[in-house]
$ cat entry-v7.txt   # compact mmCIF, C-alpha atoms (C1' of nucleotides)
# COMPACT_ATOMS: atom_id res chain seq x y z
CA MET A 17 118.81 101.30 130.30
CA ASP A 18 121.30 98.97 128.73
CA LYS A 19 122.91 100.19 125.56
CA ASP A 20 123.81 96.74 124.30
CA LYS A 21 120.27 95.54 124.86
CA ILE A 22 118.85 98.48 122.91
CA ILE A 23 121.20 97.86 120.03
CA SER A 24 120.66 94.13 119.88
CA ASP A 25 116.90 94.65 119.93
CA PHE A 26 117.18 97.01 116.97
CA ILE A 27 119.35 94.54 115.13
CA LEU A 28 116.71 91.91 115.75
CA GLU A 29 114.10 94.15 114.18
CA LEU A 30 116.32 94.78 111.20
CA ARG A 31 116.57 91.06 110.57
CA ARG A 32 112.84 90.67 110.41
CA GLY A 33 111.49 89.85 107.03
CA THR A 34 114.92 89.25 105.59
CA LEU A 35 114.88 85.66 106.81
CA ILE A 36 112.02 84.91 104.47
CA LEU A 37 114.04 86.19 101.53
CA CYS A 38 117.00 84.04 102.52
CA VAL A 39 114.89 80.95 102.87
CA LEU A 40 112.99 81.39 99.62
CA ALA A 41 116.22 82.04 97.75
CA LYS A 42 118.14 79.17 99.31
CA LEU A 43 115.36 76.64 98.89
CA GLN A 44 115.42 76.93 95.15
CA GLU A 45 117.48 73.82 95.67
CA PRO A 46 115.71 71.37 97.96
CA THR A 47 117.31 71.27 101.37
CA TYR A 48 116.34 70.01 104.80
CA GLY A 49 116.09 72.29 107.80
CA TYR A 50 119.08 71.23 109.78
CA SER A 51 121.37 71.63 106.81
CA LEU A 52 119.81 74.95 105.82
CA ILE A 53 120.75 76.33 109.22
CA ALA A 54 124.35 75.42 108.59
CA GLU A 55 124.33 76.84 105.06
CA LEU A 56 122.90 80.13 106.22
CA ALA A 57 125.34 80.34 109.11
CA ASN A 58 128.03 79.82 106.53
CA THR A 59 126.81 82.90 104.67
CA GLY A 60 126.80 84.99 107.82
CA ILE A 61 123.13 84.56 108.70
CA ALA A 62 122.63 82.98 112.08
CA ILE A 63 119.17 81.48 112.38
CA GLU A 64 118.25 79.07 115.10
CA ALA A 65 116.23 75.92 114.78
CA ASN A 66 113.36 77.21 116.82
CA THR A 67 113.11 80.17 114.48
CA LEU A 68 113.60 78.31 111.24
CA TYR A 69 111.24 75.37 111.69
CA PRO A 70 108.13 77.40 112.40
CA LEU A 71 109.10 79.66 109.51
CA LEU A 72 109.36 76.73 107.13
CA ARG A 73 105.96 75.43 108.17
CA ARG A 74 104.42 78.85 107.85
CA LEU A 75 105.81 79.35 104.37
CA GLU A 76 104.63 75.89 103.40
CA GLY A 77 101.18 76.72 104.72
CA GLN A 78 101.14 79.79 102.53
CA GLY A 79 102.09 77.75 99.50
CA LEU A 80 105.54 79.23 99.06
CA LEU A 81 107.32 76.00 99.89
CA ASP A 82 106.54 72.36 99.66
CA SER A 83 108.14 69.51 101.50
CA ALA A 84 108.86 65.82 101.24
CA TRP A 85 110.31 63.33 103.68
CA ASN A 86 113.39 61.46 102.64
CA THR A 87 113.72 58.28 104.66
CA GLU A 88 116.49 56.62 102.72
CA GLY A 89 119.31 57.66 105.05
CA ALA A 90 119.79 56.72 108.67
CA LYS A 91 117.70 59.63 109.92
CA PRO A 92 114.63 60.88 108.13
CA ARG A 93 115.02 64.31 106.65
CA LYS A 94 112.32 66.65 105.52
CA TYR A 95 113.32 68.43 102.34
CA TYR A 96 111.75 71.78 101.64
CA GLN A 97 111.70 73.51 98.27
CA THR A 98 110.44 76.80 96.91
CA THR A 99 107.30 76.39 94.79
CA ALA A 100 106.53 78.29 91.60
CA PHE A 101 104.36 80.61 93.66
CA GLY A 102 107.28 81.03 96.06
CA GLN A 103 109.53 82.01 93.16
CA GLU A 104 107.01 84.57 92.06
CA VAL A 105 106.75 86.10 95.52
CA LEU A 106 110.52 85.99 95.90
CA SER A 107 110.98 87.96 92.72
CA VAL A 108 108.54 90.67 93.81
CA LEU A 109 110.13 90.90 97.25
CA LYS A 110 113.58 91.03 95.72
CA THR A 111 112.67 94.08 93.69
CA HIS A 112 111.09 95.68 96.69
CA TRP A 113 114.09 94.90 98.86
CA GLN A 114 116.44 96.56 96.42
CA ALA A 115 114.30 99.68 96.32
CA THR A 116 114.17 99.83 100.10
CA ALA A 117 117.90 99.33 100.37
CA ASP A 118 118.50 102.15 97.91
CA ASN A 119 116.22 104.50 99.81
CA LEU A 120 117.86 103.66 103.09
CA ASN A 121 121.33 104.14 101.73
CA THR A 122 120.35 107.51 100.36
CA ILE A 123 119.10 108.60 103.74
CA LEU A 124 122.02 107.14 105.64
CA GLU A 125 124.45 108.98 103.40
CA GLY A 126 122.58 112.16 104.26
CA LYS A 127 121.98 113.15 100.70
CA ASP A 128 119.09 115.51 100.11
CA HIS A 129 116.49 115.35 97.43
CA ASP A 130 115.89 119.03 96.70
CA MET B 15 94.77 82.72 100.10
CA ASP B 16 95.34 86.14 98.66
CA LYS B 17 98.64 86.61 96.89
CA ASP B 18 98.67 90.38 97.22
CA LYS B 19 97.98 90.15 100.92
CA ILE B 20 100.84 87.71 101.41
CA ILE B 21 103.23 89.94 99.53
CA SER B 22 102.19 93.15 101.25
CA ASP B 23 102.55 91.46 104.63
CA PHE B 24 106.09 90.42 103.76
CA ILE B 25 106.90 93.93 102.59
CA LEU B 26 105.64 95.19 105.93
CA GLU B 27 107.99 92.85 107.72
CA LEU B 28 110.88 94.00 105.56
CA ARG B 29 110.25 97.61 106.59
CA ARG B 30 110.54 96.77 110.25
CA GLY B 31 113.54 98.21 111.95
CA THR B 32 114.48 100.30 108.94
CA LEU B 33 112.19 103.11 110.09
CA ILE B 34 114.37 103.60 113.15
CA LEU B 35 117.41 104.05 110.96
CA CYS B 36 115.62 106.60 108.82
CA VAL B 37 114.44 108.58 111.80
CA LEU B 38 117.78 108.59 113.60
CA ALA B 39 119.55 109.65 110.44
CA LYS B 40 117.06 112.34 109.48
CA LEU B 41 116.84 113.83 112.94
CA GLN B 42 120.47 114.76 112.97
CA GLU B 43 118.88 118.06 112.02
CA PRO B 44 116.05 118.95 114.38
CA THR B 45 112.68 118.48 112.74
CA TYR B 46 109.09 118.20 113.89
CA GLY B 47 106.99 115.14 113.26
CA TYR B 48 104.58 116.42 110.69
CA SER B 49 107.38 117.75 108.54
CA LEU B 50 109.46 114.59 108.96
CA ILE B 51 106.62 112.60 107.47
CA ALA B 52 106.71 114.78 104.39
CA GLU B 53 110.50 114.61 104.13
CA LEU B 54 110.53 110.84 104.34
CA ALA B 55 107.72 110.54 101.83
CA ASN B 56 109.84 112.68 99.58
CA THR B 57 112.65 110.13 99.84
CA GLY B 58 110.32 107.27 99.00
CA ILE B 59 109.57 106.17 102.57
CA ALA B 60 105.90 106.35 103.41
CA ILE B 61 105.35 106.47 107.13
CA GLU B 62 102.06 107.46 108.66
CA ALA B 63 101.50 109.73 111.62
CA ASN B 64 100.16 106.98 113.82
CA THR B 65 103.31 105.01 113.17
CA LEU B 66 105.77 107.86 113.49
CA TYR B 67 104.56 109.57 116.65
CA PRO B 68 104.73 106.54 118.89
CA LEU B 69 108.11 105.74 117.38
CA LEU B 70 109.43 109.22 118.20
CA ARG B 71 108.26 108.94 121.79
CA ARG B 72 109.72 105.51 122.15
CA LEU B 73 113.10 106.60 120.83
CA GLU B 74 113.00 109.60 123.11
CA GLY B 75 112.22 107.34 126.06
CA GLN B 76 115.27 105.27 125.18
CA GLY B 77 117.42 108.36 125.10
CA LEU B 78 118.10 108.30 121.37
CA LEU B 79 116.19 111.49 120.71
CA ASP B 80 115.32 114.56 122.65
CA SER B 81 112.58 117.05 121.96
CA ALA B 82 111.62 120.66 122.51
CA TRP B 83 108.43 122.57 121.83
CA ASN B 84 108.67 125.55 119.60
CA THR B 85 105.72 127.85 120.21
CA GLU B 86 106.87 130.85 118.24
CA GLY B 87 104.86 130.10 115.11
CA ALA B 88 101.10 129.95 114.75
CA LYS B 89 100.93 126.30 115.76
CA PRO B 90 103.19 124.77 118.35
CA ARG B 91 105.65 122.28 116.93
CA LYS B 92 107.63 119.67 118.76
CA TYR B 93 111.13 119.42 117.38
CA TYR B 94 112.94 116.13 117.82
CA GLN B 95 116.67 115.66 117.43
CA THR B 96 119.08 112.74 117.63
CA THR B 97 121.14 112.76 120.83
CA ALA B 98 124.80 111.82 121.09
CA PHE B 99 123.72 108.41 122.28
CA GLY B 100 121.41 108.21 119.28
CA GLN B 101 124.32 109.00 116.97
CA GLU B 102 126.32 106.24 118.57
CA VAL B 103 123.54 103.71 118.16
CA LEU B 104 122.92 104.89 114.61
CA SER B 105 126.51 104.31 113.68
CA VAL B 106 126.49 100.76 115.04
CA LEU B 107 123.21 99.99 113.30
CA LYS B 108 124.48 101.47 110.07
CA THR B 109 127.44 99.11 110.05
CA HIS B 110 125.20 96.21 110.88
CA TRP B 111 122.72 97.18 108.21
CA GLN B 112 125.40 97.24 105.55
CA ALA B 113 126.63 93.81 106.57
CA THR B 114 123.11 92.42 106.47
CA ALA B 115 122.47 93.99 103.09
CA ASP B 116 125.66 92.45 101.72
CA ASN B 117 124.75 89.01 103.04
CA LEU B 118 121.30 89.23 101.60
CA ASN B 119 122.52 90.35 98.23
CA THR B 120 124.97 87.49 98.15
CA ILE B 121 122.21 85.03 98.82
CA LEU B 122 119.76 86.62 96.43
CA GLU B 123 122.32 86.48 93.67
CA GLY B 124 122.63 82.79 94.36
CA LYS B 125 126.37 82.82 94.79
CA ASP B 126 127.81 79.98 96.80
CA HIS B 127 130.38 80.11 99.52
CA ASP B 128 132.27 76.87 99.06
C1' DG C 22 79.90 133.93 111.88
C1' DA C 23 79.36 129.07 111.01
C1' DT C 24 81.46 125.29 108.82
C1' DT C 25 85.02 122.87 106.93
C1' DA C 26 89.78 121.87 105.91
C1' DT C 27 94.47 121.48 107.37
C1' DA C 28 98.56 121.44 110.39
C1' DT C 29 100.05 119.32 114.29
C1' DA C 30 100.29 115.80 117.89
C1' DG C 31 98.63 112.13 119.91
C1' DT C 32 96.12 107.25 121.97
C1' DG C 33 94.34 102.28 122.00
C1' DT C 34 94.22 97.85 120.19
C1' DG C 35 95.46 93.71 117.55
C1' DA C 36 98.27 90.86 114.46
C1' DC C 37 102.16 88.46 113.74
C1' DA C 38 107.19 87.28 113.45
C1' DC C 39 110.79 86.18 115.98
C1' DA C 40 113.61 84.73 120.26
C1' DC C 41 113.85 81.90 124.24
C1' DA C 42 113.15 77.73 126.52
C1' DC C 43 111.68 73.46 126.09
C1' DT C 44 110.24 68.48 124.09
C1' DA C 45 110.96 64.34 121.19
C1' DT C 46 113.47 60.59 118.83
C1' DA C 47 116.86 57.71 116.90
C1' DG C 48 121.32 56.45 115.97
C1' DC C 49 126.25 56.46 117.45
C1' DA C 50 130.20 56.99 120.77
C1' DA C 51 132.10 56.41 125.45
C1' DT D 29 123.76 52.72 129.67
C1' DT D 30 124.94 57.12 129.54
C1' DG D 31 125.35 60.73 126.92
C1' DC D 32 126.06 63.28 122.45
C1' DT D 33 124.47 64.81 118.05
C1' DA D 34 121.40 65.01 114.02
C1' DT D 35 116.94 66.04 113.04
C1' DA D 36 112.38 68.09 113.73
C1' DG D 37 109.34 70.18 116.36
C1' DT D 38 105.97 73.07 120.18
C1' DG D 39 104.44 76.88 123.48
C1' DT D 40 104.71 81.42 125.09
C1' DG D 41 105.91 86.30 125.49
C1' DT D 42 107.67 90.64 123.73
C1' DG D 43 107.50 94.37 120.87
C1' DT D 44 106.80 96.96 116.40
C1' DC D 45 103.94 98.42 113.30
C1' DA D 46 99.18 99.23 110.92
C1' DC D 47 94.53 100.59 111.45
C1' DA D 48 91.11 103.40 113.40
C1' DC D 49 90.27 106.90 116.21
C1' DT D 50 90.75 111.50 119.27
C1' DA D 51 92.14 116.34 120.10
C1' DT D 52 93.06 121.26 119.09
C1' DA D 53 93.88 125.51 116.91
C1' DT D 54 94.29 128.22 112.84
C1' DA D 55 93.17 129.28 108.06
C1' DA D 56 89.83 129.13 104.34
C1' DT D 57 85.18 129.06 102.52
C1' DC D 58 80.39 129.97 102.21
$ encode --input "entry-v7.txt" --output "structure tokens"
Amino acid sequence: MDKDKIISDFILELRRGTLILCVLAKLQEPTYGYSLIAELANTGIAIEANTLYPLLRRLEGQGLLDSAWNTEGAKPRKYYQTTAFGQEVLSVLKTHWQATADNLNTILEGKDHD
Amino acid sequence: MDKDKIISDFILELRRGTLILCVLAKLQEPTYGYSLIAELANTGIAIEANTLYPLLRRLEGQGLLDSAWNTEGAKPRKYYQTTAFGQEVLSVLKTHWQATADNLNTILEGKDHD
DNA sequence: GATTATATAGTGTGACACACACTATAGCAA
DNA sequence: TTGCTATAGTGTGTGTCACACTATATAATC
């Protein structure tokens, strides 16, 4: 069994769910997919097109994002933006994320709750 | 579409992968499953038996844990413990987790990297 | 002494997000 | 006209986790 494979699979799992937070947070300013990929990469979050696009459509379907085509430039771009509902969900998830992170850090530091 | 359902699904996704970290970290001291559930609950991490047991067996299969039955008490208990390989993986994941957490916090705080 | 609760460990199945590989198009560079 | 890049997408499989359920043996209750 390949150690690197095991580790990279675990890292994959760790990423799960966090992408949604990134996207909801970033799309508070309207952005199109291709550019969002670059922005996230710039912040240390590598997300590929074939992961991001379905995610965007899913979040739009759930009402967390909305989208609009911009056809003014040479190539049409589809701008996505977090809706009010998306903001609301983001804020709940943010709180939850912080709590989870705190719990995990406590455990990873090996501190005991007596 | 149910808002609470959407949020709880996202929270589920956020948990993914973190359970492995908790288990690897906690099992640096040998512990049996039923007691581990209580310990984690005590630290704010609710994990149910039907989630934990398969996880333990999986991690054991991957060589991150090993186990031994203790039949001295009234009821036989299966003690799991993190192996050296498990420690190694844990340490890599820990580093990665911290990096991810930092990235996410940066994004959630809305800071820009120019 | 029969019944129920609890400690302990497990199985089987389905949902769903993500990665991988691939398609599609239109403009621009060689 | 060949190919590169910006832009957006689809189809499929893998794997983790939740939900519902099984199994057993001891301790508690009636």
$ closest_atom_pairs --input "entry-v7.txt" --of "chain D" --to "chain B" --cutoff "12 Å" --atoms "all atoms listed in the file" --output "tab-separated table"
residue	atom	partner	partner_atom	distance
D:DG43	C1'	B:Arg30	CA	11.3
D:DT44	C1'	B:Arg30	CA	7.2
D:DC45	C1'	B:Thr65	CA	6.6
D:DA46	C1'	B:Thr65	CA	7.5
D:DC47	C1'	B:Asn64	CA	8.8
D:DA48	C1'	B:Asn64	CA	9.7
D:DC49	C1'	B:Asn64	CA	10.2
D:DT50	C1'	B:Asn64	CA	11.8
D:DT52	C1'	B:Lys89	CA	9.9
D:DA53	C1'	B:Lys89	CA	7.2
D:DT54	C1'	B:Ala88	CA	7.3
D:DA55	C1'	B:Ala88	CA	10.4
$ closest_residue --input "entry-v7.txt" --among "C:DA42, C:DA51, C:DA36, C:DA26" --to "chain A" --atoms "only C-alpha atoms (C1' of nucleotides)"
C:DA42
$ calpha_fit_and_write --input "entry-v7.txt" --fixed "chain B" --moving "chain A" --output "PDB file with C-alpha atoms, in the coordinates of the input"
ATOM      1  CA  MET A  17      94.725  82.927 100.210  1.00  0.00           C
ATOM      2  CA  ASP A  18      95.320  86.306  98.686  1.00  0.00           C
ATOM      3  CA  LYS A  19      98.608  86.749  96.920  1.00  0.00           C
ATOM      4  CA  ASP A  20      98.651  90.516  97.247  1.00  0.00           C
ATOM      5  CA  LYS A  21      97.958  90.268 100.954  1.00  0.00           C
ATOM      6  CA  ILE A  22     100.823  87.814 101.436  1.00  0.00           C
ATOM      7  CA  ILE A  23     103.208  90.042  99.552  1.00  0.00           C
ATOM      8  CA  SER A  24     102.200  93.242 101.278  1.00  0.00           C
ATOM      9  CA  ASP A  25     102.548  91.553 104.660  1.00  0.00           C
ATOM     10  CA  PHE A  26     106.080  90.485 103.771  1.00  0.00           C
ATOM     11  CA  ILE A  27     106.906  93.972 102.608  1.00  0.00           C
ATOM     12  CA  LEU A  28     105.647  95.270 105.925  1.00  0.00           C
ATOM     13  CA  GLU A  29     108.003  92.936 107.740  1.00  0.00           C
ATOM     14  CA  LEU A  30     110.887  94.040 105.579  1.00  0.00           C
ATOM     15  CA  ARG A  31     110.288  97.637 106.577  1.00  0.00           C
ATOM     16  CA  ARG A  32     110.544  96.837 110.236  1.00  0.00           C
ATOM     17  CA  GLY A  33     113.566  98.214 111.937  1.00  0.00           C
ATOM     18  CA  THR A  34     114.528 100.311 108.958  1.00  0.00           C
ATOM     19  CA  LEU A  35     112.238 103.109 110.101  1.00  0.00           C
ATOM     20  CA  ILE A  36     114.390 103.605 113.157  1.00  0.00           C
ATOM     21  CA  LEU A  37     117.454 104.053 110.973  1.00  0.00           C
ATOM     22  CA  CYS A  38     115.654 106.605 108.826  1.00  0.00           C
ATOM     23  CA  VAL A  39     114.473 108.569 111.804  1.00  0.00           C
ATOM     24  CA  LEU A  40     117.804 108.604 113.610  1.00  0.00           C
ATOM     25  CA  ALA A  41     119.582 109.661 110.436  1.00  0.00           C
ATOM     26  CA  LYS A  42     117.078 112.338 109.478  1.00  0.00           C
ATOM     27  CA  LEU A  43     116.844 113.833 112.944  1.00  0.00           C
ATOM     28  CA  GLN A  44     120.472 114.789 112.970  1.00  0.00           C
ATOM     29  CA  GLU A  45     118.867 118.057 112.006  1.00  0.00           C
ATOM     30  CA  PRO A  46     116.031 118.941 114.364  1.00  0.00           C
ATOM     31  CA  THR A  47     112.674 118.455 112.723  1.00  0.00           C
ATOM     32  CA  TYR A  48     109.088 118.170 113.885  1.00  0.00           C
ATOM     33  CA  GLY A  49     106.987 115.099 113.241  1.00  0.00           C
ATOM     34  CA  TYR A  50     104.594 116.373 110.666  1.00  0.00           C
ATOM     35  CA  SER A  51     107.391 117.701 108.513  1.00  0.00           C
ATOM     36  CA  LEU A  52     109.477 114.557 108.958  1.00  0.00           C
ATOM     37  CA  ILE A  53     106.639 112.543 107.462  1.00  0.00           C
ATOM     38  CA  ALA A  54     106.726 114.713 104.385  1.00  0.00           C
ATOM     39  CA  GLU A  55     110.518 114.568 104.111  1.00  0.00           C
ATOM     40  CA  LEU A  56     110.551 110.805 104.342  1.00  0.00           C
ATOM     41  CA  ALA A  57     107.733 110.479 101.832  1.00  0.00           C
ATOM     42  CA  ASN A  58     109.845 112.632  99.580  1.00  0.00           C
ATOM     43  CA  THR A  59     112.657 110.088  99.824  1.00  0.00           C
ATOM     44  CA  GLY A  60     110.339 107.216  99.007  1.00  0.00           C
ATOM     45  CA  ILE A  61     109.595 106.138 102.572  1.00  0.00           C
ATOM     46  CA  ALA A  62     105.926 106.306 103.397  1.00  0.00           C
ATOM     47  CA  ILE A  63     105.378 106.434 107.138  1.00  0.00           C
ATOM     48  CA  GLU A  64     102.096 107.418 108.659  1.00  0.00           C
ATOM     49  CA  ALA A  65     101.524 109.678 111.603  1.00  0.00           C
ATOM     50  CA  ASN A  66     100.178 106.954 113.800  1.00  0.00           C
ATOM     51  CA  THR A  67     103.346 104.983 113.189  1.00  0.00           C
ATOM     52  CA  LEU A  68     105.793 107.833 113.481  1.00  0.00           C
ATOM     53  CA  TYR A  69     104.579 109.551 116.642  1.00  0.00           C
ATOM     54  CA  PRO A  70     104.742 106.515 118.890  1.00  0.00           C
ATOM     55  CA  LEU A  71     108.134 105.736 117.378  1.00  0.00           C
ATOM     56  CA  LEU A  72     109.442 109.192 118.194  1.00  0.00           C
ATOM     57  CA  ARG A  73     108.253 108.925 121.779  1.00  0.00           C
ATOM     58  CA  ARG A  74     109.735 105.483 122.141  1.00  0.00           C
ATOM     59  CA  LEU A  75     113.102 106.596 120.831  1.00  0.00           C
ATOM     60  CA  GLU A  76     112.995 109.611 123.112  1.00  0.00           C
ATOM     61  CA  GLY A  77     112.221 107.340 126.041  1.00  0.00           C
ATOM     62  CA  GLN A  78     115.269 105.291 125.188  1.00  0.00           C
ATOM     63  CA  GLY A  79     117.432 108.382 125.095  1.00  0.00           C
ATOM     64  CA  LEU A  80     118.106 108.313 121.376  1.00  0.00           C
ATOM     65  CA  LEU A  81     116.187 111.499 120.701  1.00  0.00           C
ATOM     66  CA  ASP A  82     115.298 114.567 122.628  1.00  0.00           C
ATOM     67  CA  SER A  83     112.555 117.034 121.952  1.00  0.00           C
ATOM     68  CA  ALA A  84     111.587 120.637 122.479  1.00  0.00           C
ATOM     69  CA  TRP A  85     108.399 122.544 121.800  1.00  0.00           C
ATOM     70  CA  ASN A  86     108.602 125.533 119.544  1.00  0.00           C
ATOM     71  CA  THR A  87     105.662 127.828 120.167  1.00  0.00           C
ATOM     72  CA  GLU A  88     106.802 130.819 118.179  1.00  0.00           C
ATOM     73  CA  GLY A  89     104.753 130.054 115.067  1.00  0.00           C
ATOM     74  CA  ALA A  90     101.000 129.890 114.747  1.00  0.00           C
ATOM     75  CA  LYS A  91     100.868 126.224 115.720  1.00  0.00           C
ATOM     76  CA  PRO A  92     103.146 124.695 118.301  1.00  0.00           C
ATOM     77  CA  ARG A  93     105.611 122.236 116.891  1.00  0.00           C
ATOM     78  CA  LYS A  94     107.588 119.643 118.738  1.00  0.00           C
ATOM     79  CA  TYR A  95     111.100 119.394 117.367  1.00  0.00           C
ATOM     80  CA  TYR A  96     112.921 116.126 117.799  1.00  0.00           C
ATOM     81  CA  GLN A  97     116.662 115.645 117.445  1.00  0.00           C
ATOM     82  CA  THR A  98     119.070 112.741 117.635  1.00  0.00           C
ATOM     83  CA  THR A  99     121.139 112.775 120.835  1.00  0.00           C
ATOM     84  CA  ALA A 100     124.807 111.853 121.098  1.00  0.00           C
ATOM     85  CA  PHE A 101     123.726 108.429 122.300  1.00  0.00           C
ATOM     86  CA  GLY A 102     121.409 108.226 119.291  1.00  0.00           C
ATOM     87  CA  GLN A 103     124.327 109.003 116.985  1.00  0.00           C
ATOM     88  CA  GLU A 104     126.334 106.262 118.589  1.00  0.00           C
ATOM     89  CA  VAL A 105     123.561 103.709 118.175  1.00  0.00           C
ATOM     90  CA  LEU A 106     122.935 104.898 114.631  1.00  0.00           C
ATOM     91  CA  SER A 107     126.541 104.306 113.708  1.00  0.00           C
ATOM     92  CA  VAL A 108     126.518 100.758 115.085  1.00  0.00           C
ATOM     93  CA  LEU A 109     123.238  99.965 113.345  1.00  0.00           C
ATOM     94  CA  LYS A 110     124.516 101.447 110.115  1.00  0.00           C
ATOM     95  CA  THR A 111     127.460  99.084 110.083  1.00  0.00           C
ATOM     96  CA  HIS A 112     125.225  96.192 110.916  1.00  0.00           C
ATOM     97  CA  TRP A 113     122.740  97.158 108.231  1.00  0.00           C
ATOM     98  CA  GLN A 114     125.432  97.214 105.589  1.00  0.00           C
ATOM     99  CA  ALA A 115     126.647  93.776 106.605  1.00  0.00           C
ATOM    100  CA  THR A 116     123.125  92.393 106.500  1.00  0.00           C
ATOM    101  CA  ALA A 117     122.482  93.952 103.125  1.00  0.00           C
ATOM    102  CA  ASP A 118     125.668  92.417 101.761  1.00  0.00           C
ATOM    103  CA  ASN A 119     124.755  88.982 103.064  1.00  0.00           C
ATOM    104  CA  LEU A 120     121.284  89.211 101.632  1.00  0.00           C
ATOM    105  CA  ASN A 121     122.510  90.333  98.262  1.00  0.00           C
ATOM    106  CA  THR A 122     124.936  87.452  98.161  1.00  0.00           C
ATOM    107  CA  ILE A 123     122.159  84.998  98.829  1.00  0.00           C
ATOM    108  CA  LEU A 124     119.719  86.631  96.453  1.00  0.00           C
ATOM    109  CA  GLU A 125     122.273  86.488  93.667  1.00  0.00           C
ATOM    110  CA  GLY A 126     122.582  82.778  94.363  1.00  0.00           C
ATOM    111  CA  LYS A 127     126.302  82.840  94.778  1.00  0.00           C
ATOM    112  CA  ASP A 128     127.786  79.995  96.772  1.00  0.00           C
ATOM    113  CA  HIS A 129     130.431  80.158  99.408  1.00  0.00           C
ATOM    114  CA  ASP A 130     132.326  76.918  98.817  1.00  0.00           C
TER     115      ASP A 130
END
$ interface_residues --input "entry-v7.txt" --of "chain C" --to "chain B" --cutoff "8 Å" --atoms "all atoms listed in the file" --output "ChimeraX atom specification"
/C:28-31
$ closest_residue --input "entry-v7.txt" --among "A:Glu125, A:Ile22, A:Leu37, A:Leu30" --to "chain B" --atoms "all atoms listed in the file"
A:Leu30
$ closest_atom_pairs --input "entry-v7.txt" --of "chain B" --to "chain A" --cutoff "7 Å" --atoms "all atoms listed in the file" --output "Markdown table"
| residue | atom | partner | partner_atom | distance |
| --- | --- | --- | --- | --- |
| B:Ile21 | CA | A:Val105 | CA | 6.6 |
| B:Phe24 | CA | A:Gly33 | CA | 6.3 |
| B:Ile25 | CA | A:Leu109 | CA | 6.9 |
| B:Glu27 | CA | A:Gly33 | CA | 4.7 |
| B:Leu28 | CA | A:Gly33 | CA | 4.4 |
| B:Arg30 | CA | A:Glu29 | CA | 5.9 |
| B:Gly31 | CA | A:Leu30 | CA | 4.5 |
| B:Thr32 | CA | A:Leu30 | CA | 6.2 |
| B:Cys36 | CA | A:Ile123 | CA | 6.5 |
| B:Ala39 | CA | A:Leu124 | CA | 6.0 |
| B:Thr57 | CA | A:Asn119 | CA | 6.7 |
| B:Gly58 | CA | A:Asn119 | CA | 6.6 |
| B:Val103 | CA | A:Ile23 | CA | 6.6 |
| B:Leu107 | CA | A:Ile27 | CA | 6.9 |
| B:Asn117 | CA | A:Gly60 | CA | 6.6 |
| B:Leu118 | CA | A:Cys38 | CA | 6.8 |
| B:Ile121 | CA | A:Cys38 | CA | 6.5 |
| B:Leu122 | CA | A:Ala41 | CA | 5.9 |
| B:His127 | CA | A:Thr59 | CA | 6.9 |
$ axis_aligned_box --input "entry-v7.txt" --around "segment 40-49 of chain D" --padding-each-side "5 Å" --output "lines of an AutoDock Vina configuration file"
center_x = 99.0
center_y = 94.2
center_z = 118.2
size_x = 27.4
size_y = 35.5
size_z = 24.6
